[in-house]
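Read through the structure below, which is laid out as structure tokens, and then see the notes.
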Amino acid sequence: MSSPFTWLLGTGRSPSTSNISNTTYQAPLNQTVNTTVSQIPSVTSTSTPTTNNLSLHRNLNQLVDEGQRSSLKTKRELINNLDQLSTLAFLNTSTGINVQRIQDQFEQIDKTLQTAIPTLRDDTINLQLDGKLTNNLNDYLKHEREKTLLSMLRMIEDKTYDEITRHSNYVLENNWQKQRQFILSSVSKHDQSYLDEANSMQIKRFETPRTLSRGLSNVEAAYGKVIALYNVGKIARQNLIDEFMNVVESSNQPQAAIDLWNVVRYMSQLPVDYVHNRIALPSQQAIVVAARSYLEYSFRIQLSKLFINLVSDDDLHKPGSIYKLIIRCIRQKHPNIVHIIDDDGNIDDLPIWSIIFYCIRAGDLQSALNAAKRCHLTSAVEWLTNYIKNNNQSVDPTIRLKIQDVYDREHSTNPFKSIVLSILSAYDVNNMHELIINSIDDLLWLRLSQILFSNQDLMTLNKLQKLVYNEGNGNRSLFNEKPIQFAMCLFLTGQFETAIDLLNQIEQFRCHAVHIGIFLHESRLLSTASKSDSPMLITTLTTEDPLKSINYQRLLTSYTEKCRYDTELWQIVNYFYLLKQIRQKDGENCFIESLAVLLLKLDENNLDNLLERLFGVNRQGVLTEARILDHLDIDTSVVTANVGLYLEKHGHLELAAVLYDRAKKTRQACSIYNRLLSEAIRALITSNTVAAPNILTSARSFASHLSSTQNEFDRTTNTLYTLLDIYVYIEFFKSQQFERAYEIIQKLSLLPFAHTQIDQCLESINYYSSEIIDCYPDIILITLTLMSILASVEYKSSTNSSNQHLLLAATSSFDQQKSHILSTNKQGLLDELKRQADVLFRFIGLLPIKLHNHMMQDDSVTLPNRRTTTVDHAEHVHAELLSQAAARQTYEQQHQTTISTRREPETIKLEDQPFAEDQQALLAEFERRRRARQIHVSTDDIEVKASLRQLGEPICLFGEGPAERRERLRNLISRFTDDEIAQKLRKKEEDDRRIEGTKEEVTWYHQGPDELQAARYFIAQYSLPRAKERIQKLKEYVAIPEVHRTAKVQELYRRLRATSLHCSQVGDARPLFYCEFSPNDQMVAVSSRSGLCKLWTVPDCQPVRTLRGHTIDACCISWHPQSTLTQDPAMINLASSAFDGSVKLWNLENDEPIAEIEGHAPFRVAKVKFHPSGRFLGTACYDHSWRLWDLNTQDEVLHQEGHSKAVHDLTFQCDGSLAATAGMDAYGRVWDLRTGRCIMFLEGHLKPILSIDFSPNGYHIATGSEDNLCKIWDLRQNKNAYSIAAHQNLVSTVKFQRSEGHYLVTVSYDNTIKLWMHPVWSALYSSTGHEQKIMSADVSLDGRWIATVSYDRTLKIWSPEQIS
């Protein structure tokens, strides 16, 4: 946003020289300035003297041309200035242009022109040459200027009228749209949720019609590639904005897009907890500082472009270097104040206050202070010094009152002094300072500079945000044609969500808006909505917070709608993957929901294509291997199963079953297919509606797949096969293929057709699922009907053999020639049907429950639509069979002469015998089993055991599994009444309370040796003074002004980014394991797999000594804290450990160890560390423990267990009071050496922790793990403060800066070394200097060197640039 003039005209380019150099209106410093339009002078032109008439005659045509050019130039300037002033009105409480005043000027000029001298003619020029005309050339040019001014004012009037008309039409259209929506909603009788959604819809005022063609443009495709690389970890989060800006700069995008990203870069430097504390004072201060920094940076860039090569780019942002540019800018922008003597002094022929103002405007306060000192302005020096001390946020209250008094006395005499005093004291915030402020950038910077956080009655950030957004009045309509400039103002005032929503409505900037939102969300700076169906922009419920929340999921999903599903599906998935960490209020994962919604809104062709490419399956259940999700770092099966779960919850069972099958969730898929088949059977029975082909095809394909992959089937799987057979059975019956249907029902074993099968079928009912039970009564009725039809066919086929084919054709559609029933044993078919019907009637009488709605009888028998039971329908069928038998008997009696053999009349009767006692007992057992089926028992085996224990039953029987135990609990509950269960539970609770009361709480202590007690006393006496000294240093550091602390840290980070490799040396013939700097930073010790430990000089890497003592891989070597400082070289100076459990102690005079610590063998000692006092040595051992040794006595004073696996690393706090251990069990522990307690449990890593280190501040701990993460822990809050996705492979070492802890060093098996800034944990530097995995790293005490050792056998010394 470098210059508002160009964006107001819609060009969006960098400012030109003419825009800054034009001086529209200036006044002497000692005069009062009025800002009416009538006082804007026209462009002056030097008149040519008339003494030489011949010369005048020769140049007259040139003067006329020059006058025309001046007229056009003046028109452009005045239009730009007035347009500029009208736009500035949104930041001020004034109303902008006074239209009435302009109209008064029109009338005054019209009156003047009526009395003016008549216009010149051609003969007038000749008379002038002859000396007969009294007016001179100056009068002629004055008249021309008056005509120019008139034309300009009329153009302004026309333009203003057009703007008013356009705005009026917009308001009318907006009101009509709202009224129209309300009318339609009322007529359609929509519910309140629809009206709320309609009222929350926003009119896209800036959206241009989109083309019908789908697909991504070049810049959108480039953005999508960056997102894809970011998702797979190829681009770090802190580098995301750099990649986005590279896309914009290389895609020939408008300058406005580049400026937008520059604004976002500056505004992204906010606290990590900004979203949760947007209205807190630190967050608001950070917004103001970032916005002012950008505006000052933009102003310096403008000056550098205006005055090329005056200041180099490297020196442009250094304090004091901008002074030359400011002097040139003032001379060109305000030429009328040059050489004017100011009462307070001049520098370089310019008033001192103009120099001070532009130095403050450029952010160079030191140059402003130096200028005030040069003019000996004591008060200004005092004010500026106090202003700098308060971090550029106003001055102290007492000084503010003094400045305000001076402002009240002198604000009308010197505009530059007036605006400087207004900035320093945050006073007179309604003054626009029109003589100096002539751009949106300047005015917004002025308002930001006047924000006072300590006084809510003056200008605050909340007031400025509301003023910029200005939702309550019509000022926002001034930006209907300039939304980009408005969006930049929103960004600079911290209204990120509103700015993104505004840009998202502009088709040309939509892609930029979406990716700005992505970067801000990944940087945790974007407030997002908690529901996916909410509007794009949501107002917060708190009145103190004027900011909004944006529907981030809708932002991404609406952006991906233009992607082609055939060629750009992977872009859609990558954008959806950004939602993986977001959950809605109902717990739904936004990534899963977006994928599911994408499936639901596609047509059939696109749906099959997407299923195959995304999940590797089609709707028929055919599996493929092409899955787009595989390139992401996620478990594809888990995603597929979760999408299926979402679809199942929302009623899309067919797709859910297909996805469950693909995710190998066989049980869930089988359950859904059972539900679908049950509904299909119900529809086929009631309405003869055939199920969807996809459902049957998918179910059969799934069943075929199960039969080929599984050997054992559970209840759900058996239900699936049974339902498929039932559907085929009913389908044959409905299609009148009765013989095939009869054969299928006999093979299904669902119904008994013999007396021996009744008990088996009754027992099987208890194991049938609800889907089969729902179909069971219909199966009985259809079977009885089928038997009735077959009996009818037997009767008709036996009446007349000649007409047999016709009779069959009238009743059946199957082929008689293929009928096994009718072609064989025709005489005995009726007997068989009678026998089977008798068995079925017996079975129906023994059914333990009444099934489905056919068995529901109403209490009132008078209702005409009374439902019948299965028994009733069976009796009806039985009556039909009896009537058919009687008709057959009559027919035989009438035709006994033609029939040689007659049969006795046959009837099918139900045996009307009372139930015996055993039958009553059987019914009671069936009733108990019915109750058992209705009891819901937990599937958690632990809960089942707990319930059994409460009932006083054994929790496990011999050979009993979880399924049998669950069934036993169900049977137990079904045998007891509710009162009996309650009585058992009360008795169990009383017994538990009685037993609990008899218990005594006993704390168990372990008697430690006297040496441990003495060591703890020593550590306490040693650590307490050091802790007090550390806290005092932290207090002194906090007392330093923040601006100085920030400047020092930023300078450190700048130099760290310039880290380079200083020296490289082959350390040994075998890979190197560990390295550590000596306390004086002049040597580095290295251990290797050869068992040798070597000492090298720093920084030239020359060998000093080789320590020979280990016979196997040397794991670690550590320096005594006072070695090379005060420790005697002949005493213990180093300690080393090896894989065989040996720990050796070394001095600096011999190559052989002077002592050895035993007790670890045969376990590996991974790390040895000296206690800060130097008296104790800690060892981390692979026997799941760590130990503390007293070097004075060489005795073990502490053997501490606590890890379930090997302890890999150990470190001590700088005070000496705490120790931290890292275990291969993926946990870390912090121990208090003074009490022996574990005070913090570091739980969060998924794989073993390989490195741990304390920060010099004493309360931060860093851990590196095999899960590629580096985690930061805070002892004060007892939690994980931050997680860094540090590397692409395991993190082998983490090291804080040893002096102040301003940065962290991590190395990894991915061959890289990285530096991270504290406390935001952004990457400062990354390098791959080693050819193989890096094993260890260390930082020197003075911060000048960083050492790394690698598996490639090299030792490398890295040098940050001149770190003091």
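Ordering of the structure tokens sets the chain letters (A, B, ...), residue numbers begin anew at 1 in every chain, and ligands are numbered from 1 in the order given.
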
Give me the residues within 9 Å of Leu369 of chain A as a ChimeraX atom specification, counting only C-alpha atoms and dropping any in the same chain fewer than 3 places off. /A:356,364-366,372-374,380-381,384-385

Can I get the selected residues back with C-alpha atoms, as a PDB file, in the first residue's frame?
ATOM      1  CA  ILE A 356      11.328  15.988  12.698  1.00  0.00           C
ATOM      2  CA  ASP A 364      13.868   7.038  12.197  1.00  0.00           C
ATOM      3  CA  LEU A 365      13.380   8.508  15.665  1.00  0.00           C
ATOM      4  CA  GLN A 366      17.084   8.755  16.259  1.00  0.00           C
ATOM      5  CA  ALA A 372      16.264  18.508  17.590  1.00  0.00           C
ATOM      6  CA  LYS A 373      19.615  18.477  19.340  1.00  0.00           C
ATOM      7  CA  ARG A 374      21.256  20.350  16.444  1.00  0.00           C
ATOM      8  CA  ALA A 380      11.664  18.646  21.857  1.00  0.00           C
ATOM      9  CA  VAL A 381      14.713  16.628  22.912  1.00  0.00           C
ATOM     10  CA  LEU A 384      11.420  12.671  21.877  1.00  0.00           C
ATOM     11  CA  THR A 385      13.656  10.968  24.448  1.00  0.00           C
TER      12      THR A 385
END

Name the residues in contact with segment 1242-1259 of chain A at a cut-off of 9 Å, using only C-alpha atoms, excluding same-chain residues fewer than 3 positions from it; report them as a PDB file with C-alpha atoms, in the first residue's frame.
ATOM      1  CA  ALA A1027      18.635 -19.895  41.835  1.00  0.00           C
ATOM      2  CA  ARG A1030      19.351 -16.473  38.240  1.00  0.00           C
ATOM      3  CA  ILE A1031      16.020 -14.918  39.212  1.00  0.00           C
ATOM      4  CA  LEU A1034      15.930 -12.338  34.882  1.00  0.00           C
ATOM      5  CA  VAL A1207      17.332 -44.256  29.941  1.00  0.00           C
ATOM      6  CA  HIS A1208      19.061 -42.643  26.962  1.00  0.00           C
ATOM      7  CA  ASP A1209      19.874 -39.076  28.053  1.00  0.00           C
ATOM      8  CA  LEU A1210      20.419 -37.073  31.197  1.00  0.00           C
ATOM      9  CA  THR A1211      20.887 -33.367  31.920  1.00  0.00           C
ATOM     10  CA  PHE A1212      21.091 -31.043  34.931  1.00  0.00           C
ATOM     11  CA  GLN A1213      19.476 -27.647  35.468  1.00  0.00           C
ATOM     12  CA  CYS A1214      21.875 -24.704  35.629  1.00  0.00           C
ATOM     13  CA  ASP A1215      21.136 -24.213  39.362  1.00  0.00           C
ATOM     14  CA  ALA A1219      17.786 -33.383  36.787  1.00  0.00           C
ATOM     15  CA  ALA A1220      15.875 -34.464  33.684  1.00  0.00           C
ATOM     16  CA  THR A1221      16.000 -37.905  32.067  1.00  0.00           C
ATOM     17  CA  ALA A1222      14.838 -39.141  28.663  1.00  0.00           C
ATOM     18  CA  GLY A1223      13.754 -42.726  28.232  1.00  0.00           C
ATOM     19  CA  MET A1224      13.268 -45.140  25.389  1.00  0.00           C
ATOM     20  CA  ASP A1225       9.719 -45.611  26.726  1.00  0.00           C
ATOM     21  CA  ALA A1226       8.808 -42.290  25.044  1.00  0.00           C
ATOM     22  CA  TYR A1227       8.543 -40.510  28.393  1.00  0.00           C
ATOM     23  CA  GLY A1228      10.708 -37.998  30.185  1.00  0.00           C
ATOM     24  CA  ARG A1229      10.942 -37.234  33.875  1.00  0.00           C
ATOM     25  CA  VAL A1230      12.141 -34.255  35.901  1.00  0.00           C
ATOM     26  CA  ALA A1262      13.567 -29.269  25.143  1.00  0.00           C
ATOM     27  CA  THR A1263      13.242 -32.917  24.085  1.00  0.00           C
ATOM     28  CA  GLY A1264      13.983 -34.617  20.770  1.00  0.00           C
ATOM     29  CA  SER A1265      12.461 -37.932  19.777  1.00  0.00           C
ATOM     30  CA  GLU A1266      12.283 -40.622  17.126  1.00  0.00           C
ATOM     31  CA  ASP A1267       8.843 -39.258  16.132  1.00  0.00           C
ATOM     32  CA  ASN A1268      10.717 -36.387  14.349  1.00  0.00           C
ATOM     33  CA  LEU A1269       9.345 -33.858  16.850  1.00  0.00           C
ATOM     34  CA  CYS A1270      11.018 -31.459  19.218  1.00  0.00           C
ATOM     35  CA  LYS A1271       8.829 -30.510  22.187  1.00  0.00           C
ATOM     36  CA  TRP A1273       8.076 -28.126  28.161  1.00  0.00           C
ATOM     37  CA  ASP A1274       7.344 -25.425  30.769  1.00  0.00           C
ATOM     38  CA  LEU A1275       8.046 -26.318  34.402  1.00  0.00           C
ATOM     39  CA  ARG A1276       5.967 -23.376  35.629  1.00  0.00           C
ATOM     40  CA  ASN A1278       3.653 -28.251  34.128  1.00  0.00           C
ATOM     41  CA  LYS A1279       2.697 -28.882  30.517  1.00  0.00           C
ATOM     42  CA  ASN A1280       3.939 -29.106  26.946  1.00  0.00           C
ATOM     43  CA  LEU A1290      14.487 -38.702  14.189  1.00  0.00           C
ATOM     44  CA  VAL A1291      15.915 -35.817  16.239  1.00  0.00           C
ATOM     45  CA  SER A1292      19.203 -36.967  17.698  1.00  0.00           C
ATOM     46  CA  THR A1293      20.232 -33.897  19.754  1.00  0.00           C
ATOM     47  CA  VAL A1294      18.662 -30.686  21.093  1.00  0.00           C
ATOM     48  CA  LYS A1295      20.783 -27.898  22.617  1.00  0.00           C
ATOM     49  CA  PHE A1296      19.837 -24.478  23.945  1.00  0.00           C
ATOM     50  CA  GLN A1297      22.105 -21.456  23.631  1.00  0.00           C
ATOM     51  CA  ARG A1298      24.114 -21.843  26.805  1.00  0.00           C
ATOM     52  CA  SER A1299      24.285 -18.190  27.866  1.00  0.00           C
ATOM     53  CA  GLU A1300      20.769 -16.767  27.384  1.00  0.00           C
ATOM     54  CA  GLY A1301      18.709 -19.419  25.619  1.00  0.00           C
ATOM     55  CA  LEU A1304      17.705 -23.800  20.068  1.00  0.00           C
TER      56      LEU A1304
END

Leaving out Asp1195 of chain A and any residue of its chain fewer than 5 positions from it, which residues lie within 9 Å of it when counting only C-alpha atoms, given as JSON, numbers by chain? {"A": [1011, 1157, 1188, 1189, 1190]}

Could you turn the residues from that selection into a file that holds N, CA, C and O atoms, as a short mmCIF file (atom, residue, chain, number, x, y, z; two decimals), in the first residue's frame?
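Below is the file part14.cif, written as the result:
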data_model
loop_
_atom_site.label_atom_id
_atom_site.label_comp_id
_atom_site.auth_asym_id
_atom_site.auth_seq_id
_atom_site.Cartn_x
_atom_site.Cartn_y
_atom_site.Cartn_z
N GLU A 1011 25.07 -41.23 52.88
CA GLU A 1011 25.72 -40.45 51.83
C GLU A 1011 24.69 -39.71 50.98
O GLU A 1011 24.93 -38.58 50.51
N ILE A 1157 34.64 -46.07 37.01
CA ILE A 1157 33.45 -46.30 37.84
C ILE A 1157 32.80 -47.59 37.36
O ILE A 1157 32.46 -47.73 36.18
N LEU A 1188 23.62 -41.46 40.35
CA LEU A 1188 24.39 -40.29 40.75
C LEU A 1188 25.56 -40.76 41.59
O LEU A 1188 25.39 -41.48 42.59
N TRP A 1189 26.79 -40.35 41.17
CA TRP A 1189 28.02 -40.80 41.81
C TRP A 1189 28.72 -39.61 42.46
O TRP A 1189 28.80 -38.54 41.86
N ASP A 1190 29.21 -39.84 43.68
CA ASP A 1190 30.02 -38.83 44.37
C ASP A 1190 31.47 -39.04 43.98
O ASP A 1190 32.08 -40.07 44.33
#

Smallest atom-to-atom distance to Lys562 of chain A: which of A:Ala1069, A:Cys1116, A:Leu216, A:Leu525, using only C-alpha atoms?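 Looking at the shortest contact to Lys562 of chain A, the residue is A:Leu216.
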
Compile a residue-level contact table for segment 1203-1286 of chain A against segment 229-248 of chain A at a cut-off of 12 Å, reporting for every qualifying residue the shortest atom pair and its distance in Å to one decimal, with only C-alpha atoms counted, rows ordered by chain and ascending number, as a tab-separated table.
residue	atom	partner	partner_atom	distance
A:Asn1268	CA	A:Gly233	CA	11.4
A:Ile1284	CA	A:Arg237	CA	10.1
A:Ala1285	CA	A:Ala236	CA	8.3
A:Ala1286	CA	A:Ala236	CA	8.8

Hey, can you spit out that residue selection with all heavy atoms as a compact mmCIF listing (two decimals), in the first residue's frame?
# COMPACT_ATOMS: atom_id res chain seq x y z
N ASN A 1268 10.31 -37.54 15.17
CA ASN A 1268 10.72 -36.39 14.35
C ASN A 1268 10.30 -35.06 14.97
O ASN A 1268 10.41 -34.02 14.32
CB ASN A 1268 10.16 -36.46 12.92
CG ASN A 1268 10.44 -37.77 12.24
OD1 ASN A 1268 11.23 -38.58 12.72
ND2 ASN A 1268 9.78 -38.01 11.12
N ILE A 1284 7.41 -28.73 17.90
CA ILE A 1284 8.03 -28.31 16.66
C ILE A 1284 8.17 -29.53 15.75
O ILE A 1284 8.77 -30.53 16.13
CB ILE A 1284 9.42 -27.67 16.90
CG1 ILE A 1284 9.34 -26.58 17.96
CG2 ILE A 1284 10.00 -27.13 15.62
CD1 ILE A 1284 10.70 -26.04 18.36
N ALA A 1285 7.59 -29.43 14.56
CA ALA A 1285 7.82 -30.46 13.54
C ALA A 1285 9.19 -30.20 12.93
O ALA A 1285 9.32 -29.59 11.87
CB ALA A 1285 6.71 -30.41 12.49
N ALA A 1286 10.21 -30.65 13.63
CA ALA A 1286 11.56 -30.15 13.37
C ALA A 1286 12.19 -30.78 12.13
O ALA A 1286 12.78 -30.05 11.32
CB ALA A 1286 12.45 -30.41 14.60

DSSP on the backbone, then: every residue of segment 1072-1160 of chain A marked strand (DSSP E or B), written as a PyMOL selection string. chain A and resi 1072-1077+1083-1088+1093-1097+1103-1107+1114-1119+1134-1138+1143-1146+1155-1157

Considering only C-alpha atoms, give me a table of residues in segment 314-419 of chain A that are at most 12 Å from segment 448-469 of chain A, with the closest atom pair and distance in Å for each, as a Markdown table.
| residue | atom | partner | partner_atom | distance |
| --- | --- | --- | --- | --- |
| A:Ile360 | CA | A:Ser449 | CA | 9.9 |
| A:Arg361 | CA | A:Ser449 | CA | 9.6 |
| A:Gly363 | CA | A:Ser449 | CA | 11.0 |
| A:Tyr387 | CA | A:Ser449 | CA | 11.2 |
| A:Asn390 | CA | A:Leu452 | CA | 11.6 |
| A:Asn391 | CA | A:Ser449 | CA | 11.3 |
| A:Asn392 | CA | A:Ser449 | CA | 8.0 |
| A:Gln393 | CA | A:Leu452 | CA | 7.0 |
| A:Ser394 | CA | A:Leu452 | CA | 6.8 |
| A:Val395 | CA | A:Leu452 | CA | 9.6 |
| A:Asp396 | CA | A:Ser454 | CA | 10.5 |
| A:Pro397 | CA | A:Ser454 | CA | 9.8 |
| A:Arg400 | CA | A:Leu452 | CA | 11.2 |
| A:Ile419 | CA | A:Gln450 | CA | 10.3 |

Atom CA of Gln253 of chain A to atom CA of Arg554 of chain A, distance in Å rounded to a single decimal: 25.3 Å

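Between atom CA of Glu1042 of chain A and atom CA of Asn386 of chain A the interatomic distance comes to 13.9 Å.
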
From the set A:Asp405, A:Asp661, A:Asp442, A:Asp759, which residue has the shortest atom-to-atom contact distance to His705 of chain A, counting only C-alpha atoms?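 That would be A:Asp661, the residue with the smallest distance to His705 of chain A.
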
Tell me which protein, DNA and RNA residues are within 12 Å of Leu1198 of chain A, counting only C-alpha atoms, leaving out same-chain ones fewer than 4 positions away, and put them as a PDB file with N, CA and C atoms, in the first residue's frame.
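Printed below is selection.pdb as written:
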ATOM      1  N   GLN A1007      14.537 -46.558  53.204  1.00  0.00           N
ATOM      2  CA  GLN A1007      15.645 -46.011  53.974  1.00  0.00           C
ATOM      3  C   GLN A1007      16.870 -45.849  53.069  1.00  0.00           C
ATOM      4  N   GLY A1008      17.296 -44.606  52.855  1.00  0.00           N
ATOM      5  CA  GLY A1008      18.449 -44.339  52.022  1.00  0.00           C
ATOM      6  C   GLY A1008      19.725 -44.269  52.839  1.00  0.00           C
ATOM      7  N   PRO A1009      20.873 -44.334  52.172  1.00  0.00           N
ATOM      8  CA  PRO A1009      22.144 -44.266  52.908  1.00  0.00           C
ATOM      9  C   PRO A1009      22.415 -42.856  53.413  1.00  0.00           C
ATOM     10  N   ASP A1010      23.331 -42.768  54.344  1.00  0.00           N
ATOM     11  CA  ASP A1010      23.703 -41.455  54.879  1.00  0.00           C
ATOM     12  C   ASP A1010      24.373 -40.593  53.816  1.00  0.00           C
ATOM     13  N   GLU A1011      25.073 -41.228  52.884  1.00  0.00           N
ATOM     14  CA  GLU A1011      25.719 -40.454  51.826  1.00  0.00           C
ATOM     15  C   GLU A1011      24.686 -39.709  50.976  1.00  0.00           C
ATOM     16  N   LEU A1012      23.528 -40.317  50.740  1.00  0.00           N
ATOM     17  CA  LEU A1012      22.480 -39.657  49.961  1.00  0.00           C
ATOM     18  C   LEU A1012      21.945 -38.434  50.696  1.00  0.00           C
ATOM     19  N   GLN A1013      21.741 -38.554  51.992  1.00  0.00           N
ATOM     20  CA  GLN A1013      21.269 -37.409  52.770  1.00  0.00           C
ATOM     21  C   GLN A1013      22.289 -36.279  52.729  1.00  0.00           C
ATOM     22  N   ALA A1014      23.566 -36.610  52.860  1.00  0.00           N
ATOM     23  CA  ALA A1014      24.597 -35.569  52.806  1.00  0.00           C
ATOM     24  C   ALA A1014      24.658 -34.932  51.420  1.00  0.00           C
ATOM     25  N   ALA A1015      24.489 -35.760  50.374  1.00  0.00           N
ATOM     26  CA  ALA A1015      24.515 -35.215  49.021  1.00  0.00           C
ATOM     27  C   ALA A1015      23.342 -34.267  48.791  1.00  0.00           C
ATOM     28  N   ARG A1016      22.168 -34.598  49.300  1.00  0.00           N
ATOM     29  CA  ARG A1016      21.009 -33.731  49.116  1.00  0.00           C
ATOM     30  C   ARG A1016      21.175 -32.416  49.883  1.00  0.00           C
ATOM     31  N   PHE A1176      29.482 -34.249  41.600  1.00  0.00           N
ATOM     32  CA  PHE A1176      28.727 -35.455  41.277  1.00  0.00           C
ATOM     33  C   PHE A1176      28.755 -35.701  39.773  1.00  0.00           C
ATOM     34  N   LEU A1177      28.607 -36.974  39.424  1.00  0.00           N
ATOM     35  CA  LEU A1177      28.538 -37.391  38.026  1.00  0.00           C
ATOM     36  C   LEU A1177      27.269 -38.217  37.845  1.00  0.00           C
ATOM     37  N   GLY A1178      26.444 -37.839  36.848  1.00  0.00           N
ATOM     38  CA  GLY A1178      25.248 -38.593  36.544  1.00  0.00           C
ATOM     39  C   GLY A1178      25.463 -39.495  35.353  1.00  0.00           C
ATOM     40  N   THR A1179      24.884 -40.705  35.405  1.00  0.00           N
ATOM     41  CA  THR A1179      25.007 -41.667  34.309  1.00  0.00           C
ATOM     42  C   THR A1179      23.613 -42.173  33.950  1.00  0.00           C
ATOM     43  N   SER A1185      17.502 -47.359  34.522  1.00  0.00           N
ATOM     44  CA  SER A1185      17.747 -46.503  35.678  1.00  0.00           C
ATOM     45  C   SER A1185      18.798 -45.457  35.336  1.00  0.00           C
ATOM     46  N   TRP A1186      18.913 -44.461  36.187  1.00  0.00           N
ATOM     47  CA  TRP A1186      20.023 -43.500  36.137  1.00  0.00           C
ATOM     48  C   TRP A1186      20.613 -43.371  37.540  1.00  0.00           C
ATOM     49  N   ARG A1187      21.880 -42.984  37.580  1.00  0.00           N
ATOM     50  CA  ARG A1187      22.592 -43.037  38.858  1.00  0.00           C
ATOM     51  C   ARG A1187      23.379 -41.750  39.076  1.00  0.00           C
ATOM     52  N   LEU A1188      23.623 -41.458  40.351  1.00  0.00           N
ATOM     53  CA  LEU A1188      24.390 -40.287  40.748  1.00  0.00           C
ATOM     54  C   LEU A1188      25.561 -40.758  41.587  1.00  0.00           C
ATOM     55  N   TRP A1189      26.789 -40.351  41.170  1.00  0.00           N
ATOM     56  CA  TRP A1189      28.022 -40.805  41.808  1.00  0.00           C
ATOM     57  C   TRP A1189      28.717 -39.613  42.455  1.00  0.00           C
ATOM     58  N   ASP A1190      29.213 -39.841  43.677  1.00  0.00           N
ATOM     59  CA  ASP A1190      30.019 -38.826  44.375  1.00  0.00           C
ATOM     60  C   ASP A1190      31.467 -39.044  43.982  1.00  0.00           C
ATOM     61  N   TRP A1231      13.416 -34.651  37.931  1.00  0.00           N
ATOM     62  CA  TRP A1231      13.635 -35.091  39.309  1.00  0.00           C
ATOM     63  C   TRP A1231      14.185 -33.926  40.129  1.00  0.00           C
ATOM     64  N   LEU A1233      16.577 -33.170  42.900  1.00  0.00           N
ATOM     65  CA  LEU A1233      17.699 -33.844  43.550  1.00  0.00           C
ATOM     66  C   LEU A1233      17.724 -33.600  45.044  1.00  0.00           C
ATOM     67  N   ARG A1234      17.009 -32.586  45.533  1.00  0.00           N
ATOM     68  CA  ARG A1234      17.006 -32.275  46.963  1.00  0.00           C
ATOM     69  C   ARG A1234      16.026 -33.150  47.731  1.00  0.00           C
ATOM     70  N   THR A1235      15.016 -33.677  47.060  1.00  0.00           N
ATOM     71  CA  THR A1235      14.022 -34.525  47.727  1.00  0.00           C
ATOM     72  C   THR A1235      13.931 -35.912  47.119  1.00  0.00           C
ATOM     73  N   GLY A1236      14.391 -36.075  45.888  1.00  0.00           N
ATOM     74  CA  GLY A1236      14.308 -37.365  45.223  1.00  0.00           C
ATOM     75  C   GLY A1236      12.992 -37.627  44.529  1.00  0.00           C
TER      76      GLY A1236
END

Coordinates-based distance that separates atom CA of Asn1080 of chain A from atom CA of Cys1115 of chain A (Å, one decimal):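 Interatomic distance, atom CA of Cys1115 of chain A to atom CA of Asn1080 of chain A: 23.0 Å.
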